[in-house]
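The next block holds one structure in the form of structure tokens; read it before the comments.
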Amino acid sequence: MTLLAGLFTGCLAAPGSEAPEDVSQPTRSAAATRQAEMNLLQVATFELERKLDENFSDHYVGVQVLSEPELKVLVYLTGADKADLEAFVEDERLFELIEVREEAVSRQTLRAIREAFKAEMDEAGVTYTTGIKMEPARLQVYVFDIPEAQGRLKTAGVSIPEHVEFIEMDTLPEGG
């Protein structure tokens with residue numbers, strides 16, 4: 001009898017595990033439409049990013065797609081504005097969603113800083129990976145121990161370039 005009572009109790013719904021509420025068809029349709037719009041926006045933005053990186057690299061920093069609270073495409077530029085993007089945007093709906101944010105340094109410049117600094121860090125024996133980030137535009141250098149990395153660089157006579165930010169991590173990310 002005790003065993004039967006235990007089995008029965010185990011079959012009862014636990015508090016807080018009620019069935020999810022039914023979602024109305026209009027709500028589902030709206031969510032599906034928004035997701036489809038977001039997917040199309042991301043594809044168009046990826047193409048825009050490729051064009052800017054290849055043909056506008058002196059000014060281009062990066063792109064970010066936001067979905068909340070509204071769809072928006074942030075384009076980070078240096079020394080340029082939204083009007084300069086017209087030549088790269090074929091879809092007027094995409095152009096309407098673009099908001100330009102000014103940055104101090106281009107992605108091309110950050111890449112050059114990264115390559116030169118990586119060679120110096122390798123020479124100084126620093127273990128690191130890097131990443132280019134926006135807002136503000138900067139080169140992030142991920143290391144296990146910031147004081148140790150900076151000490152090795154100082155000993156090697158290497159100055160830390162402008163727009164470089166060190167980030168201390170237990171595990172270094174893959175990549176740069």
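Residues are referred to by chain and number: the chain letter is A, B, ... according to the order shown in the structure tokens, the number counts from 1 in that chain, and ligands are numbered separately from 1 in the order shown.
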Check: Residues of segment 31-129 of chain A in strand (DSSP E or B) according to DSSP, as a count of residues only?
Finding: 20
Can you list, as an mmCIF file with N, CA and C atoms, in the first residue's frame, every protein, DNA or RNA residue that comes within 8 Å of Glu165 of chain A when you count only C-alpha atoms, leaving out same-chain residues fewer than 3 positions away?
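Written out: part_11.cif:
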```
data_model
loop_
_atom_site.group_PDB
_atom_site.id
_atom_site.type_symbol
_atom_site.label_atom_id
_atom_site.label_comp_id
_atom_site.auth_asym_id
_atom_site.auth_seq_id
_atom_site.Cartn_x
_atom_site.Cartn_y
_atom_site.Cartn_z
ATOM 1 N N ARG A 138 37.859 49.108 -30.076
ATOM 2 C CA ARG A 138 39.101 48.805 -29.374
ATOM 3 C C ARG A 138 39.545 47.383 -29.701
ATOM 4 N N LEU A 139 40.802 47.137 -29.435
ATOM 5 C CA LEU A 139 41.362 45.800 -29.523
ATOM 6 C C LEU A 139 41.409 45.254 -28.105
ATOM 7 N N GLN A 140 40.703 44.162 -27.873
ATOM 8 C CA GLN A 140 40.767 43.527 -26.556
ATOM 9 C C GLN A 140 41.821 42.433 -26.617
ATOM 10 N N VAL A 141 42.680 42.421 -25.614
ATOM 11 C CA VAL A 141 43.719 41.404 -25.496
ATOM 12 C C VAL A 141 43.396 40.595 -24.243
#
```
Notebook entry, point to check: Out of segment 12-121 of chain A, which residues get helix (DSSP H, G or I) from DSSP, as an NGL selection string?
Noted result: :A and (25-55 or 82-88 or 92-97 or 107-121)
Checklist line | Spatial neighbours of Arg93 of chain A, max dist 12 Å, only C-alpha atoms, sep filter under 5 positions, as an MDAnalysis selection string | finding: chainID A and resid 37 40:41 44:45 71:73 86 98
Checklist line | Polymer residues at most 12 Å from Lys118 of chain A, only C-alpha atoms, same-chain spacing of 4 or more positions, as a PyMOL selection string | finding: chain A and resi 110-114+122-131+139-142+153+158+160-161+164+176
Create the file for the chosen residues now, containing C-alpha atoms and written as a PDB file, in the first residue's frame.
```
ATOM      1  CA  LEU A 110      42.446  48.050 -35.359  1.00  0.00           C
ATOM      2  CA  ARG A 111      43.519  45.091 -37.490  1.00  0.00           C
ATOM      3  CA  ALA A 112      46.856  46.785 -38.215  1.00  0.00           C
ATOM      4  CA  ILE A 113      47.330  47.542 -34.499  1.00  0.00           C
ATOM      5  CA  ARG A 114      46.467  43.919 -33.679  1.00  0.00           C
ATOM      6  CA  ASP A 122      54.869  36.919 -29.180  1.00  0.00           C
ATOM      7  CA  GLU A 123      58.425  38.294 -28.915  1.00  0.00           C
ATOM      8  CA  ALA A 124      57.821  39.199 -25.241  1.00  0.00           C
ATOM      9  CA  GLY A 125      56.459  35.694 -24.476  1.00  0.00           C
ATOM     10  CA  VAL A 126      52.905  36.763 -23.601  1.00  0.00           C
ATOM     11  CA  THR A 127      50.155  34.145 -23.870  1.00  0.00           C
ATOM     12  CA  TYR A 128      47.043  35.833 -25.291  1.00  0.00           C
ATOM     13  CA  THR A 129      44.171  35.923 -27.758  1.00  0.00           C
ATOM     14  CA  THR A 130      42.546  39.035 -29.182  1.00  0.00           C
ATOM     15  CA  GLY A 131      39.200  40.352 -30.325  1.00  0.00           C
ATOM     16  CA  LEU A 139      41.362  45.800 -29.523  1.00  0.00           C
ATOM     17  CA  GLN A 140      40.767  43.527 -26.556  1.00  0.00           C
ATOM     18  CA  VAL A 141      43.719  41.404 -25.496  1.00  0.00           C
ATOM     19  CA  TYR A 142      42.715  38.423 -23.358  1.00  0.00           C
ATOM     20  CA  LEU A 153      55.844  43.861 -22.381  1.00  0.00           C
ATOM     21  CA  VAL A 158      56.989  47.311 -25.818  1.00  0.00           C
ATOM     22  CA  ILE A 160      50.841  49.384 -25.274  1.00  0.00           C
ATOM     23  CA  PRO A 161      49.124  51.022 -28.249  1.00  0.00           C
ATOM     24  CA  VAL A 164      44.068  48.374 -26.545  1.00  0.00           C
ATOM     25  CA  GLY A 176      42.757  36.077 -32.715  1.00  0.00           C
TER      26      GLY A 176
END
```
Next item on the list: Determine, counting only C-alpha atoms, which protein, DNA and RNA residues have an atom within 7 Å of an atom of Thr78 of chain A; residues of the same chain fewer than 3 positions away are not included. Present the result as an MDAnalysis selection string.
Entry: chainID A and resid 59:60 102:106
Margin query: Let me make sure I understand: among A:Glu68, A:Ala156, A:Asp81, A:Lys133, which one has the smallest atom-to-atom distance to Gln35 of chain A if we use only C-alpha atoms?
Written below: A:Glu68
Checklist line | d(atom CA of Glu96 of chain A, atom CA of Gln25 of chain A) in Å | finding: 29.6 Å
Checklist line | Contacts of Glu70 of chain A at 12 Å (only C-alpha atoms; same-chain gap of 3+ positions) as number ranges by chain | finding: A: 34, 37-38, 65-67, 73-74, 97-98
Save out the residues we just selected, C-alpha atoms, as a PDB file, in the first residue's frame.
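The resulting file, again-v4.pdb, is reproduced below:
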```pdb
ATOM      1  CA  ARG A  34       9.025  39.124 -36.499  1.00  0.00           C
ATOM      2  CA  GLU A  37      11.898  39.840 -40.555  1.00  0.00           C
ATOM      3  CA  MET A  38      14.865  39.458 -38.221  1.00  0.00           C
ATOM      4  CA  VAL A  65      21.642  44.124 -35.302  1.00  0.00           C
ATOM      5  CA  LEU A  66      19.251  44.888 -32.448  1.00  0.00           C
ATOM      6  CA  SER A  67      15.812  43.334 -32.150  1.00  0.00           C
ATOM      7  CA  VAL A  73      20.951  48.151 -37.398  1.00  0.00           C
ATOM      8  CA  LEU A  74      23.784  50.004 -35.709  1.00  0.00           C
ATOM      9  CA  LEU A  97      16.660  50.849 -39.949  1.00  0.00           C
ATOM     10  CA  ILE A  98      20.284  52.032 -39.922  1.00  0.00           C
TER      11      ILE A  98
END
```
Next item on the list: Figure out the distance between atom CA of Glu168 of chain A and atom CA of Val143 of chain A, please, to one decimal in Å.
Entry: 5.1 Å
Item checked: Contact residues around Arg101 of chain A with only C-alpha atoms at 7 Å, ignoring same-chain residues under 3 positions, as a count of residues only -> 4
Check: Pick from A:Pro69, A:Leu172, A:Phe88, A:Asn39: nearest to Lys51 of chain A, with only C-alpha atoms counted?
Finding: A:Phe88
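Distance annotation: of A:Met169, A:Val63, A:Leu48, A:Ala137, the residue with the minimal separation from Leu94 of chain A is A:Leu48; atom set is only C-alpha atoms.
Here atom CA of Gln108 of chain A stands at a distance of 15.6 Å from atom CA of Glu135 of chain A.
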